[in-house]
Structures are given as structure tokens and as C-alpha cells.
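This is run-v5.csv. It holds CSV, C-alpha atoms.
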```csv
chain,number,residue,atom,x,y,z
I,1,MET,CA,-135.7,43.0,-60.3
I,2,THR,CA,-134.2,44.6,-63.4
I,3,PRO,CA,-133.7,48.4,-63.6
I,4,LYS,CA,-136.5,48.7,-66.2
I,5,ARG,CA,-139.0,46.7,-64.1
I,6,SER,CA,-137.9,48.7,-61.0
I,7,HIS,CA,-138.6,51.9,-62.9
I,8,HIS,CA,-142.1,50.7,-63.9
I,9,PHE,CA,-142.8,49.7,-60.3
I,10,LEU,CA,-141.7,53.1,-59.0
I,11,ILE,CA,-144.0,54.9,-61.5
I,12,LEU,CA,-146.9,52.5,-60.5
I,13,CYS,CA,-146.3,53.4,-56.8
I,14,LEU,CA,-146.2,57.2,-57.6
I,15,ARG,CA,-149.5,56.9,-59.6
I,16,VAL,CA,-151.2,55.1,-56.7
I,17,LEU,CA,-149.9,57.6,-54.2
I,18,SER,CA,-151.0,60.6,-56.3
I,19,ASP,CA,-154.5,59.1,-56.5
I,20,VAL,CA,-154.6,58.5,-52.8
I,21,ALA,CA,-153.5,62.1,-52.2
I,22,ALA,CA,-156.2,63.4,-54.5
I,23,ILE,CA,-158.8,61.3,-52.6
I,24,VAL,CA,-157.6,62.6,-49.3
I,25,GLY,CA,-157.9,66.1,-50.6
I,26,ALA,CA,-161.4,65.4,-51.8
I,27,TYR,CA,-162.4,64.0,-48.4
I,28,CYS,CA,-161.0,67.1,-46.6
I,29,LEU,CA,-163.0,69.4,-48.8
I,30,ALA,CA,-166.2,67.3,-48.4
I,31,VAL,CA,-165.8,67.4,-44.6
I,32,SER,CA,-165.4,71.1,-44.6
I,33,LEU,CA,-168.5,71.5,-46.7
I,34,SER,CA,-170.8,69.2,-44.8
I,35,ILE,CA,-169.7,69.5,-41.2
I,36,PRO,CA,-172.6,70.2,-38.9
I,37,GLU,CA,-172.6,73.1,-36.4
I,38,THR,CA,-172.7,70.7,-33.5
I,39,SER,CA,-169.3,69.1,-34.3
I,40,THR,CA,-165.7,70.1,-34.9
I,41,TRP,CA,-163.8,69.5,-38.1
I,42,GLY,CA,-161.4,66.9,-36.6
I,43,ARG,CA,-164.2,65.0,-34.8
I,44,TYR,CA,-166.4,64.9,-37.9
I,45,ALA,CA,-163.6,63.8,-40.1
I,46,GLN,CA,-162.6,61.0,-37.7
I,47,ALA,CA,-166.2,59.8,-37.4
I,48,ASN,CA,-166.5,59.3,-41.1
I,49,LEU,CA,-163.0,58.1,-41.9
I,50,LEU,CA,-164.4,54.8,-43.1
I,51,TYR,CA,-165.6,56.6,-46.2
I,52,ILE,CA,-162.1,57.3,-47.4
I,53,VAL,CA,-160.9,53.9,-46.5
I,54,VAL,CA,-163.6,52.1,-48.5
I,55,PHE,CA,-163.5,54.4,-51.5
I,56,THR,CA,-159.7,54.3,-51.7
I,57,VAL,CA,-159.7,50.5,-51.8
I,58,VAL,CA,-162.5,50.3,-54.3
I,59,TRP,CA,-161.0,53.0,-56.5
I,60,ILE,CA,-157.7,51.2,-56.8
I,61,GLY,CA,-159.5,48.1,-57.9
I,62,THR,CA,-161.7,49.9,-60.5
I,63,ALA,CA,-158.8,52.1,-61.7
I,64,ALA,CA,-156.6,48.9,-62.2
I,65,ASP,CA,-159.5,47.4,-64.2
I,66,GLN,CA,-159.5,50.5,-66.5
I,67,ARG,CA,-155.7,50.2,-66.8
I,68,LEU,CA,-155.1,53.6,-65.2
I,69,PHE,CA,-151.9,52.5,-63.4
I,70,VAL,CA,-150.1,51.3,-66.5
I,71,SER,CA,-148.4,53.3,-69.3
I,72,ARG,CA,-150.9,54.6,-71.8
I,73,ARG,CA,-148.7,57.1,-73.5
I,74,SER,CA,-150.3,56.8,-77.0
I,75,GLU,CA,-153.8,57.3,-75.6
I,76,THR,CA,-155.8,60.5,-76.3
I,77,LEU,CA,-156.9,62.9,-73.6
I,78,VAL,CA,-160.6,62.1,-74.1
I,79,SER,CA,-160.2,58.4,-73.7
I,80,LEU,CA,-158.1,58.9,-70.6
I,81,LEU,CA,-160.8,61.1,-69.0
I,82,PHE,CA,-163.4,58.6,-70.1
I,83,SER,CA,-161.6,55.8,-68.3
I,84,ILE,CA,-161.3,57.9,-65.2
I,85,ALA,CA,-165.0,58.7,-65.2
I,86,LYS,CA,-165.9,55.0,-65.7
I,87,ALA,CA,-163.6,53.9,-62.9
I,88,LEU,CA,-165.1,56.6,-60.6
I,89,PHE,CA,-168.6,55.7,-61.5
I,90,GLY,CA,-168.0,52.0,-60.6
I,91,ALA,CA,-166.1,53.0,-57.4
I,92,ALA,CA,-169.0,55.3,-56.4
I,93,LEU,CA,-171.6,52.6,-56.9
I,94,PHE,CA,-169.7,49.9,-55.1
I,95,SER,CA,-168.7,52.2,-52.3
I,96,ALA,CA,-172.3,53.3,-51.8
I,97,PHE,CA,-173.3,49.7,-51.5
I,98,VAL,CA,-170.5,48.9,-48.9
I,99,ILE,CA,-171.2,52.1,-46.9
I,100,GLU,CA,-174.9,51.2,-46.8
I,101,LEU,CA,-173.9,47.8,-45.2
I,102,LEU,CA,-171.8,49.6,-42.7
I,103,GLU,CA,-174.5,52.1,-41.7
I,104,SER,CA,-174.4,50.9,-38.1
I,105,TYR,CA,-171.0,52.5,-37.7
I,106,GLY,CA,-172.7,55.9,-37.5
I,107,LEU,CA,-171.5,57.3,-40.8
I,108,GLN,CA,-173.2,60.4,-42.1
I,109,ARG,CA,-174.8,60.1,-45.5
I,110,ARG,CA,-174.6,63.9,-46.2
I,111,ILE,CA,-170.9,63.7,-46.8
I,112,PHE,CA,-171.1,61.0,-49.5
I,113,ILE,CA,-172.2,63.1,-52.5
I,114,PRO,CA,-169.8,66.0,-51.9
I,115,PHE,CA,-167.0,63.5,-51.4
I,116,ILE,CA,-167.7,61.8,-54.7
I,117,ALA,CA,-168.0,65.1,-56.5
I,118,PHE,CA,-164.7,66.4,-55.1
I,119,ALA,CA,-163.0,63.1,-55.7
I,120,LEU,CA,-163.9,63.3,-59.4
I,121,CYS,CA,-162.5,66.8,-59.7
I,122,THR,CA,-159.3,66.1,-57.8
I,123,LEU,CA,-158.6,62.8,-59.6
I,124,VAL,CA,-159.2,64.4,-63.0
I,125,LEU,CA,-157.1,67.4,-62.2
I,126,THR,CA,-154.3,65.2,-60.8
I,127,ARG,CA,-154.3,63.0,-63.8
I,128,LEU,CA,-154.5,65.9,-66.2
I,129,ALA,CA,-151.5,67.6,-64.6
I,130,THR,CA,-149.5,64.4,-64.6
I,131,GLY,CA,-150.4,63.7,-68.2
I,132,ILE,CA,-149.6,67.2,-69.5
I,133,SER,CA,-146.3,67.2,-67.6
I,134,LEU,CA,-145.3,63.9,-69.2
I,135,TRP,CA,-146.3,65.2,-72.6
I,136,ASN,CA,-144.1,68.3,-72.2
I,137,LEU,CA,-141.2,66.2,-71.0
I,138,ARG,CA,-141.4,63.9,-74.0
I,139,ARG,CA,-141.6,66.8,-76.4
I,140,ARG,CA,-138.3,68.0,-74.9
I,141,GLY,CA,-136.7,64.7,-75.5
I,142,TYR,CA,-137.1,63.0,-72.1
I,143,ASN,CA,-138.8,59.6,-71.3
I,144,HIS,CA,-138.5,58.4,-74.9
I,145,ARG,CA,-139.1,54.8,-76.0
I,146,ARG,CA,-136.9,53.6,-78.9
I,147,ILE,CA,-138.7,51.3,-81.3
I,148,LEU,CA,-137.8,49.4,-84.5
I,149,LEU,CA,-140.3,48.7,-87.3
I,150,VAL,CA,-140.1,45.4,-89.1
I,151,GLY,CA,-141.8,45.5,-92.5
I,152,ALA,CA,-142.6,48.4,-94.8
I,153,ASN,CA,-146.2,48.7,-95.9
I,154,GLU,CA,-149.3,50.9,-95.4
I,155,ARG,CA,-149.8,49.9,-91.8
I,156,SER,CA,-146.3,50.6,-90.7
I,157,ALA,CA,-146.3,53.8,-92.7
I,158,HIS,CA,-149.5,54.9,-91.0
I,159,LEU,CA,-148.1,54.1,-87.6
I,160,ALA,CA,-144.8,55.9,-88.3
I,161,ALA,CA,-146.7,59.0,-89.5
I,162,ILE,CA,-148.7,59.2,-86.3
I,163,LEU,CA,-145.8,58.7,-84.0
I,164,LEU,CA,-143.7,61.3,-85.8
I,165,ALA,CA,-146.6,63.8,-85.7
I,166,ASN,CA,-147.3,63.3,-82.0
I,167,GLU,CA,-144.1,64.0,-80.1
I,168,GLN,CA,-146.1,63.8,-76.8
I,169,TYR,CA,-146.3,60.1,-77.2
I,170,GLY,CA,-142.5,59.9,-76.7
I,171,TYR,CA,-141.6,57.3,-79.4
I,172,MET,CA,-138.3,57.5,-81.2
I,173,ILE,CA,-138.2,55.3,-84.4
I,174,GLU,CA,-134.6,53.9,-84.8
I,175,GLY,CA,-135.4,52.7,-88.3
I,176,PHE,CA,-136.9,49.8,-90.1
I,177,LEU,CA,-136.1,46.3,-91.5
I,178,GLU,CA,-137.4,45.2,-94.9
I,179,ASN,CA,-136.4,42.6,-97.4
I,180,ASP,CA,-138.1,44.0,-100.5
I,181,GLU,CA,-136.2,46.9,-102.0
I,182,GLU,CA,-139.3,48.2,-103.8
I,183,ARG,CA,-141.0,48.7,-100.4
I,184,ARG,CA,-138.3,50.7,-98.7
I,185,PRO,CA,-139.4,54.1,-100.1
I,186,ILE,CA,-142.7,53.7,-98.3
I,187,LEU,CA,-140.9,54.5,-95.0
I,188,GLU,CA,-137.8,56.3,-96.4
I,189,GLU,CA,-140.1,59.1,-97.6
I,190,GLN,CA,-140.9,59.8,-94.0
I,191,GLY,CA,-137.2,60.2,-93.2
I,192,LEU,CA,-136.8,56.8,-91.6
I,193,ASP,CA,-133.5,54.8,-92.1
I,194,TRP,CA,-133.4,51.4,-93.6
I,195,LEU,CA,-131.3,49.3,-91.3
I,196,GLY,CA,-131.1,46.0,-93.1
I,197,ARG,CA,-133.1,42.9,-93.8
I,198,VAL,CA,-135.5,41.1,-91.4
I,199,GLU,CA,-132.8,38.5,-90.8
I,200,ASP,CA,-130.6,41.2,-89.3
I,201,LEU,CA,-132.8,41.7,-86.3
I,202,GLU,CA,-130.6,39.6,-84.1
I,203,SER,CA,-127.6,41.9,-84.6
I,204,MET,CA,-129.9,44.9,-84.2
I,205,LEU,CA,-130.9,43.7,-80.8
I,206,VAL,CA,-127.2,43.5,-79.8
I,207,THR,CA,-126.0,46.8,-81.3
I,208,HIS,CA,-129.1,49.0,-80.5
I,209,VAL,CA,-130.9,49.8,-77.3
I,210,LEU,CA,-134.6,49.1,-78.2
I,211,ASP,CA,-137.7,49.3,-76.0
I,212,ALA,CA,-140.0,47.6,-78.4
I,213,VAL,CA,-140.2,45.9,-81.9
I,214,TYR,CA,-143.2,46.6,-84.0
I,215,ILE,CA,-143.9,43.8,-86.6
I,216,SER,CA,-145.9,44.6,-89.8
I,217,LEU,CA,-145.4,41.5,-91.9
I,218,PRO,CA,-147.9,39.3,-93.8
I,219,VAL,CA,-148.6,36.4,-91.6
I,220,ARG,CA,-148.9,33.7,-94.3
I,221,SER,CA,-145.5,34.4,-96.0
I,222,PHE,CA,-143.6,35.4,-92.9
I,223,TYR,CA,-145.0,33.1,-90.3
I,224,GLU,CA,-141.8,31.3,-89.3
I,225,GLN,CA,-139.8,34.6,-89.3
I,226,ILE,CA,-142.5,36.3,-87.1
I,227,GLN,CA,-142.2,33.3,-84.7
I,228,SER,CA,-138.4,33.6,-84.7
I,229,ILE,CA,-138.6,37.4,-84.1
I,230,ALA,CA,-140.9,36.8,-81.1
I,231,HIS,CA,-138.4,34.3,-79.6
I,232,LEU,CA,-135.4,36.5,-80.2
I,233,CYS,CA,-137.1,39.5,-78.6
I,234,GLU,CA,-138.3,37.4,-75.7
I,235,GLY,CA,-134.8,36.2,-75.1
I,236,VAL,CA,-133.5,39.7,-74.6
I,237,GLY,CA,-136.6,41.1,-72.8
I,238,VAL,CA,-137.7,43.4,-75.6
I,239,PRO,CA,-141.6,43.6,-76.0
I,240,VAL,CA,-143.0,42.7,-79.4
I,241,ARG,CA,-146.1,44.5,-80.9
I,242,PHE,CA,-147.8,43.0,-83.9
I,243,LEU,CA,-149.7,45.3,-86.3
I,244,ALA,CA,-152.3,42.8,-87.2
I,245,ASP,CA,-155.2,43.1,-89.6
I,246,LEU,CA,-156.0,39.4,-89.7
I,247,PHE,CA,-159.8,39.8,-90.2
I,248,PRO,CA,-160.7,43.1,-92.0
I,249,LEU,CA,-164.3,42.9,-91.0
I,250,ARG,CA,-165.6,46.4,-90.1
I,251,MET,CA,-168.8,45.2,-88.5
I,252,ALA,CA,-167.2,42.7,-86.2
I,253,THR,CA,-165.9,43.3,-82.7
I,254,SER,CA,-163.2,41.1,-81.2
I,255,GLN,CA,-162.6,39.8,-77.7
I,256,VAL,CA,-160.0,37.5,-76.2
I,257,THR,CA,-161.4,34.7,-74.1
I,258,ARG,CA,-159.9,31.5,-72.7
I,259,ILE,CA,-160.7,27.8,-72.2
I,260,ASN,CA,-158.4,26.8,-69.4
I,261,SER,CA,-154.9,27.9,-70.8
I,262,ILE,CA,-156.0,28.2,-74.4
I,263,PRO,CA,-156.5,31.8,-75.6
I,264,LEU,CA,-159.4,32.3,-78.1
I,265,LEU,CA,-160.1,35.3,-80.4
I,266,SER,CA,-163.9,35.7,-80.7
I,267,LEU,CA,-165.5,37.8,-83.5
I,268,SER,CA,-169.0,39.0,-82.7
I,269,PHE,CA,-171.5,40.5,-85.2
I,270,GLU,CA,-174.4,40.8,-82.8
I,271,ARG,CA,-173.0,42.7,-79.9
I,272,GLU,CA,-176.1,44.9,-79.6
I,273,ILE,CA,-178.2,42.0,-78.2
I,274,GLN,CA,-175.6,41.0,-75.6
I,275,THR,CA,-176.2,41.8,-72.0
I,276,THR,CA,-172.6,42.8,-71.5
I,277,PHE,CA,-172.9,45.4,-74.2
I,278,ALA,CA,-176.0,46.8,-72.7
I,279,LEU,CA,-174.3,47.2,-69.3
I,280,ARG,CA,-171.2,48.7,-70.9
I,281,ARG,CA,-173.3,51.1,-72.9
I,282,MET,CA,-175.0,52.3,-69.7
I,283,VAL,CA,-171.7,52.9,-68.0
I,284,ASP,CA,-170.4,54.7,-71.1
I,285,ILE,CA,-173.4,57.0,-71.1
I,286,MET,CA,-173.1,57.8,-67.4
I,287,ALA,CA,-169.4,58.5,-67.7
I,288,ALA,CA,-169.9,60.7,-70.8
I,289,LEU,CA,-172.7,62.6,-69.2
I,290,LEU,CA,-170.6,63.2,-66.1
I,291,LEU,CA,-167.6,64.5,-68.1
I,292,VAL,CA,-169.8,66.7,-70.4
I,293,THR,CA,-171.3,68.3,-67.3
I,294,ILE,CA,-167.9,69.0,-65.8
I,295,LEU,CA,-166.2,70.1,-69.0
I,296,ALA,CA,-169.1,72.1,-70.5
I,297,PRO,CA,-167.6,75.5,-69.5
I,298,ALA,CA,-164.3,74.6,-71.1
I,299,MET,CA,-165.9,73.3,-74.2
I,300,LEU,CA,-168.0,76.5,-74.5
I,301,LEU,CA,-164.9,78.6,-74.2
I,302,ILE,CA,-163.1,76.6,-76.9
I,303,ALA,CA,-166.1,77.0,-79.2
I,304,LEU,CA,-166.2,80.7,-78.7
I,305,ALA,CA,-162.5,81.1,-79.3
I,306,ILE,CA,-162.8,79.2,-82.5
I,307,LEU,CA,-165.7,81.4,-83.7
I,308,ILE,CA,-163.9,84.6,-82.7
I,309,GLU,CA,-160.6,83.7,-84.4
I,310,SER,CA,-161.9,82.5,-87.8
I,311,ARG,CA,-165.2,82.0,-89.7
I,312,GLY,CA,-166.6,78.6,-90.1
I,313,PRO,CA,-168.2,75.7,-88.2
I,314,VAL,CA,-167.1,74.9,-84.7
I,315,PHE,CA,-167.1,71.1,-85.3
I,316,VAL,CA,-165.8,69.0,-88.1
I,317,TRP,CA,-165.7,65.3,-89.0
I,318,ARG,CA,-162.3,63.6,-89.1
I,319,THR,CA,-161.8,60.5,-91.1
I,320,GLY,CA,-158.9,58.4,-89.8
I,321,HIS,CA,-157.3,55.1,-90.7
I,322,GLY,CA,-159.9,52.4,-91.6
I,323,GLY,CA,-162.6,55.0,-92.4
I,324,VAL,CA,-163.3,55.7,-88.7
I,325,ARG,CA,-165.1,59.1,-88.5
I,326,THR,CA,-165.0,61.1,-85.3
I,327,LEU,CA,-166.3,64.5,-84.3
I,328,ALA,CA,-163.8,67.2,-83.3
I,329,PHE,CA,-163.3,70.9,-82.8
I,330,ARG,CA,-162.1,72.6,-85.9
I,331,THR,CA,-158.4,73.4,-85.7
I,332,ALA,CA,-157.8,74.7,-89.3
I,333,PRO,CA,-159.0,77.9,-91.1
I,334,TRP,CA,-162.3,77.2,-92.9
I,335,ARG,CA,-161.1,77.5,-96.5
I,336,PRO,CA,-162.3,74.5,-98.5
I,337,ALA,CA,-159.4,74.6,-100.9
I,338,ASN,CA,-156.9,74.5,-98.0
I,339,ALA,CA,-159.0,72.8,-95.3
I,340,GLY,CA,-156.9,70.8,-92.8
I,341,LYS,CA,-153.5,71.9,-94.0
I,342,ASP,CA,-152.9,75.0,-91.8
I,343,LYS,CA,-153.6,75.4,-88.1
I,344,THR,CA,-155.1,78.4,-86.3
I,345,ARG,CA,-153.6,79.6,-83.1
I,346,VAL,CA,-156.5,78.2,-81.1
I,347,GLY,CA,-156.3,75.0,-83.2
I,348,ARG,CA,-152.6,74.5,-82.4
I,349,PHE,CA,-153.2,75.0,-78.7
I,350,ILE,CA,-156.2,72.7,-78.3
I,351,GLU,CA,-154.6,70.0,-80.6
I,352,ARG,CA,-151.4,70.2,-78.5
I,353,TYR,CA,-153.2,69.0,-75.4
I,354,GLY,CA,-155.8,66.8,-77.1
I,355,LEU,CA,-158.7,69.2,-76.4
I,356,ASP,CA,-159.9,69.1,-80.0
I,357,GLU,CA,-161.3,65.6,-79.4
I,358,LEU,CA,-163.6,66.5,-76.5
I,359,PRO,CA,-166.7,66.5,-78.8
I,360,GLN,CA,-166.3,62.7,-79.0
I,361,LEU,CA,-168.1,62.7,-75.6
I,362,LEU,CA,-171.2,64.0,-77.5
I,363,MET,CA,-170.9,61.1,-79.9
I,364,VAL,CA,-171.1,58.7,-77.0
I,365,LEU,CA,-174.3,60.4,-75.7
I,366,ALA,CA,-175.8,60.3,-79.1
I,367,GLY,CA,-175.0,56.6,-79.4
I,368,ARG,CA,-172.8,57.0,-82.5
I,369,ASP,CA,-169.6,55.8,-80.9
I,370,ASP,CA,-168.3,54.2,-77.7
I,371,LEU,CA,-164.9,55.9,-77.9
I,372,GLY,CA,-163.4,52.8,-79.6
I,373,ALA,CA,-161.9,55.2,-82.1
I,374,SER,CA,-160.1,57.0,-79.2
I,375,TYR,CA,-157.8,54.0,-78.8
I,376,LEU,CA,-156.6,54.4,-82.3
I,377,PRO,CA,-153.6,56.6,-82.8
I,378,ARG,CA,-154.4,60.2,-83.9
I,379,GLY,CA,-153.7,61.3,-87.4
I,380,GLY,CA,-157.1,61.7,-89.1
I,381,THR,CA,-157.8,64.5,-91.6
I,382,GLU,CA,-160.5,67.1,-91.3
I,383,LYS,CA,-163.3,66.8,-93.8
I,384,ARG,CA,-166.1,69.3,-94.5
I,385,ASP,CA,-169.5,68.1,-93.5
I,386,SER,CA,-172.6,70.3,-93.1
I,387,SER,CA,-174.0,67.9,-90.6
I,388,ALA,CA,-171.3,68.8,-88.1
```
What does the file become when written as C-alpha cells?
Amino acid sequence: MTPKRSHHFLILCLRVLSDVAAIVGAYCLAVSLSIPETSTWGRYAQANLLYIVVFTVVWIGTAADQRLFVSRRSETLVSLLFSIAKALFGAALFSAFVIELLESYGLQRRIFIPFIAFALCTLVLTRLATGISLWNLRRRGYNHRRILLVGANERSAHLAAILLANEQYGYMIEGFLENDEERRPILEEQGLDWLGRVEDLESMLVTHVLDAVYISLPVRSFYEQIQSIAHLCEGVGVPVRFLADLFPLRMATSQVTRINSIPLLSLSFEREIQTTFALRRMVDIMAALLLVTILAPAMLLIALAILIESRGPVFVWRTGHGGVRTLAFRTAPWRPANAGKDKTRVGRFIERYGLDELPQLLMVLAGRDDLGASYLPRGGTEKRDSSA
């Protein structure tokens, strides 16, 4: 096992262990709350121990399905919480089904609801503490990933602007490769160094320590070079990311499927009539409702702080790359001539930890968004909109 893979495996184990510790803590709290007068704490906890065993196994499966054990450093706080809520919702349902089948073991049903409620709180708090700690470490220069951009255009410029503006993601851009001299200023204006032509990638992989290569080249004119880049990076173990916009169809959704070993990219324009979409929508609503209920006090405090510090609306619409509009807490003074340029003290704080995007949960409940925009990098601009 290489040092890098060993490092990833260690982090995976730590994440699993921290979740198990959170579940154990939730179980202990649930036992303390629901213990009958006729039993002792130890006896009652031991009699219902199967709860924690079943839920832990199911949680690991649902959390893995939501990719909660892999690195998601460029994900927003809201989408992370949303994934946790969906995983917990699935784990709770399946655990309830399994526990019902094992009712003959003498399990007490009164402990189940408190256990699930405490599990949600402890898992969310554990994940938040871990995420915020990692963000602060990355802002201080630790746990960085060095990346190289191949190609200078609007897509790579947008990506660079987002990574440079969000230090908590922990990406350090070494520079970029570009053949066209007229395109170099697109990235040089952001302070990035031009390191040579696309053909110089092989020497770059030897002389620089890179964690990933991001390709933003036109497929038609650079197909062979893109294929060559992929082979070079595969040979040295450097991951390749492709900034693709192959089919700029705003109304279509994509999904990767397979026929035996052949991968297929499917574009769907009628997702609303699909059973899978209906089920996903139901889970999204339940997860969003769960999070809004828990986070309502924090959201109310943020809204009051915004109103106290400066005049203006609490919410604003943000328009990001590709015209995606999302609802967010206002972080800038409400001066139309200067909207979105400065940040208030409250705005700086909530934006630092991604709390400004919590209103996206309301969009999910309203059926206007399924948090797909949350998986896009941050970097939208605030726009005045009376409907907010």
C-alpha cells in the first residue's frame, strides 16, 4: 500500500470510528432518558444492545452510499448536512424494519425514537466539528492538495476563482498549461503562473508534486492530447479531473449507467415522471424537514443578527455559474450601488462556515431545488430580488 493510499485508509477508519462513537453516545443518552423505574441502567442498556448493533451496521451502509466516508472537501456545509440527514433517514427506516423482525428478542420500542433523535444530533455535531476543524487547518496551510490546470478558458478561470476564494477547500494551484498565447491572460489575471505548453505535462509530472490535474480543453480539437494526458497521469498515479460541458442542455439531467462493462451517459428530459425521482424527492423532503426543524433556532438567530447589524432583506438570490439561482442569507450591506462587494461582520462569519447557504433547505421544501446547486463550487454573486 502506497503512503497516499495508507493515509486515505487511515482517514476512512477515523471517520468510521468517530461515527461509531457518536452512535454509542446517542445510545447512552437514549437509555438514560427511557430507562424504566423497574430496571437499572446497565441491565436496560444490555437488554437493548441489539439496537446499536443493527443501527451501526445500517448507518455505515447508508453513509457509504451518500459518500460520507470519502473526501468531499469542495462540498458546501448545507449539502453535507443534507447527505447526513438522508443517510440517517434511510438508516432509521431500515433499522426499524429489522428491529420489528427481531421483536421476539425482548427489545423495548420506547428507546427507538430517542435513540434516532440523539443519533442525528451526535452525528451532525461530530461531522460539523470535524469539518470545521479541517477547514481551519486548510486555511492555515495544512492538508493542501496541489493541482495543475490544463487549458485557459472561462471554465478553468471560474474554477480557479472559486478555489482561490475558498481557502477552506485546501487547493493550491501550481499554475497552468496553455498553448494559445492569447488565452494566457485569462488565468494570469488571477495571479496564476503559466508553466508551459500542454506538451510539457510529462516534465511537469516529474519536477512537481501534484495531487490532481484538471483538464479544460475542447474535446474535438484536443482529443488525442486529452487521451495522452490521461495515460501519463495514470502512469504516475495522479488523478485526472475533466471540466466537461459536452452537452450544454440546461433542462436535462445526466446519469451514468452500464451494460455489462460498457459505461453509458444517459440524458433525461422527463425525470419528473420517473419513479426513482419521486422516491428521491420524498427522501429529500423528509431530510430537509428534519434539518430545518433542528436548525430553526440557529437560522432565526442568524436572521436577527443580519437585521440588527444592517438594514435590508434577510434573504437574497445568488446567481452562480450557468445561471443557477440559490437562496441565501444576505452577507453584504444592502446598498444597491455596492451590493455584494463588501461583507458585514455577520456576513463574514456565516460565509466563513457556509451558514449563509442554510436557506437552500427551504428551497427543497418548496420544490424549487433538490440541492443539485450545492454540489457546484461556491462563487455566485448576490442579486437584489424583491421576491426573496
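A distance cut-off of 9 Å around (-170.3, 53.8, -52.3), counting all atoms listed in the file, selects these protein and nucleic acid residues: I:Tyr51, I:Val54, I:Phe55, I:Val58, I:Gly90, I:Ala91, I:Ala92, I:Leu93, I:Phe94, I:Ser95, I:Ala96, I:Phe97, I:Val98, I:Ile99, I:Glu100, I:Phe112, I:Ile116.
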Find, counting all atoms listed in the file, the residue in I:Leu301, I:Leu243, I:Leu210, I:Leu77 that gets nearest to His158 (chain I). I:Leu243
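If you look at CA of Gly141 (chain I) and CA of Arg345 (chain I), they are 23.8 Å away from each other.
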If we count only C-alpha atoms and set the cut-off at 12 Å, which residues sit around Ala152 (chain I), ignoring sequence neighbours fewer than 4 positions away in its own chain? Please answer as a count of residues only. 35
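Across the model, the gap from CA of Ser34 (chain I) to CA of Ala296 (chain I) is 25.9 Å.
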For region 41-94 of chain I against region 282-292 of chain I, with a cut-off of 7 Å and counting all atoms listed in the file, what is the closest atom pair and its distance in Å to one decimal for every residue that makes the cut, ordered by chain and number, as JSON lines?
```
{"residue": "I:Phe82", "atom": "CA", "partner": "I:Ala287", "partner_atom": "CA", "distance": 6.5}
{"residue": "I:Ala85", "atom": "CA", "partner": "I:Ala287", "partner_atom": "CA", "distance": 5.1}
{"residue": "I:Lys86", "atom": "CA", "partner": "I:Ala287", "partner_atom": "CA", "distance": 5.3}
{"residue": "I:Phe89", "atom": "CA", "partner": "I:Ala287", "partner_atom": "CA", "distance": 6.8}
```
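Residues within 8 Å of Tyr169 (chain I), counting only C-alpha atoms and excluding same-chain residues fewer than 3 positions away, are I:Arg73, I:Ser74, I:Trp135, I:Arg138, I:Leu163, I:Asn166.
Going from CA of Val20 (chain I) over to CA of Pro297 (chain I), you cover 27.1 Å.
Using only C-alpha atoms, the contacts of Leu137 (chain I) at a cut-off of 10 Å, with sequence neighbours closer than 6 positions omitted, comprise Gly131, Asn143, His144, Glu167, Gln168 and Gly170 of chain I.
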Name all residues at most 8 Å from Ala22 (chain I) (count all atoms listed in the file; drop same-chain ones fewer than 6 positions away) and give them as a ChimeraX atom specification. /I:119,122-123,126
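Counting only C-alpha atoms and comparing I:Ala161, I:Ile350, I:Leu355, I:Leu327, the residue that lies closest to Leu295 (chain I) is I:Leu355.
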I'd like the neighbourhood of Gly312 (chain I) as a PyMOL selection string, where a residue qualifies if any of its atoms comes within 10 Å (using all atoms listed in the file), though same-chain residues fewer than 4 positions away should be ignored. chain I and resi 306-308+316+330+332-335
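Of the residues under consideration (I:Ala212, I:Leu80, I:Ile111, I:Leu14), I:Ile111 shows the shortest atom-to-atom contact distance to Ala47 (chain I) when counting all atoms listed in the file.
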Between I:Val53, I:Ile226, I:Ile113, I:Arg15, smallest distance to Ala30 (chain I) by all atoms listed in the file belongs to I:Ile113
Kindly write region 116-129 of chain I with N, CA and C atoms to a file, as a PDB file, in the first residue's frame.
```pdb
ATOM      1  N   ILE I 116     -32.835   7.458  17.826  1.00  0.00           N
ATOM      2  CA  ILE I 116     -32.682   8.046  16.490  1.00  0.00           C
ATOM      3  C   ILE I 116     -32.480   9.559  16.597  1.00  0.00           C
ATOM      4  N   ALA I 117     -33.247  10.212  17.468  1.00  0.00           N
ATOM      5  CA  ALA I 117     -33.123  11.664  17.633  1.00  0.00           C
ATOM      6  C   ALA I 117     -31.740  12.042  18.137  1.00  0.00           C
ATOM      7  N   PHE I 118     -31.248  11.335  19.144  1.00  0.00           N
ATOM      8  CA  PHE I 118     -29.913  11.631  19.661  1.00  0.00           C
ATOM      9  C   PHE I 118     -28.832  11.277  18.649  1.00  0.00           C
ATOM     10  N   ALA I 119     -29.066  10.205  17.876  1.00  0.00           N
ATOM     11  CA  ALA I 119     -28.088   9.826  16.853  1.00  0.00           C
ATOM     12  C   ALA I 119     -27.941  10.930  15.813  1.00  0.00           C
ATOM     13  N   LEU I 120     -29.060  11.518  15.414  1.00  0.00           N
ATOM     14  CA  LEU I 120     -28.999  12.625  14.459  1.00  0.00           C
ATOM     15  C   LEU I 120     -28.175  13.778  15.021  1.00  0.00           C
ATOM     16  N   CYS I 121     -28.454  14.139  16.270  1.00  0.00           N
ATOM     17  CA  CYS I 121     -27.739  15.263  16.886  1.00  0.00           C
ATOM     18  C   CYS I 121     -26.247  14.972  17.027  1.00  0.00           C
ATOM     19  N   THR I 122     -25.902  13.796  17.532  1.00  0.00           N
ATOM     20  CA  THR I 122     -24.486  13.498  17.761  1.00  0.00           C
ATOM     21  C   THR I 122     -23.720  13.340  16.455  1.00  0.00           C
ATOM     22  N   LEU I 123     -24.353  12.727  15.448  1.00  0.00           N
ATOM     23  CA  LEU I 123     -23.674  12.564  14.160  1.00  0.00           C
ATOM     24  C   LEU I 123     -23.478  13.904  13.468  1.00  0.00           C
ATOM     25  N   VAL I 124     -24.497  14.756  13.504  1.00  0.00           N
ATOM     26  CA  VAL I 124     -24.369  16.077  12.891  1.00  0.00           C
ATOM     27  C   VAL I 124     -23.292  16.895  13.604  1.00  0.00           C
ATOM     28  N   LEU I 125     -23.313  16.903  14.932  1.00  0.00           N
ATOM     29  CA  LEU I 125     -22.322  17.670  15.685  1.00  0.00           C
ATOM     30  C   LEU I 125     -20.909  17.144  15.450  1.00  0.00           C
ATOM     31  N   THR I 126     -20.772  15.817  15.402  1.00  0.00           N
ATOM     32  CA  THR I 126     -19.450  15.231  15.157  1.00  0.00           C
ATOM     33  C   THR I 126     -18.936  15.607  13.780  1.00  0.00           C
ATOM     34  N   ARG I 127     -19.797  15.502  12.783  1.00  0.00           N
ATOM     35  CA  ARG I 127     -19.392  15.844  11.416  1.00  0.00           C
ATOM     36  C   ARG I 127     -19.095  17.341  11.285  1.00  0.00           C
ATOM     37  N   LEU I 128     -19.895  18.177  11.942  1.00  0.00           N
ATOM     38  CA  LEU I 128     -19.647  19.610  11.899  1.00  0.00           C
ATOM     39  C   LEU I 128     -18.308  19.956  12.537  1.00  0.00           C
ATOM     40  N   ALA I 129     -18.053  19.374  13.697  1.00  0.00           N
ATOM     41  CA  ALA I 129     -16.788  19.647  14.383  1.00  0.00           C
ATOM     42  C   ALA I 129     -15.596  19.201  13.548  1.00  0.00           C
TER      43      ALA I 129
END
```
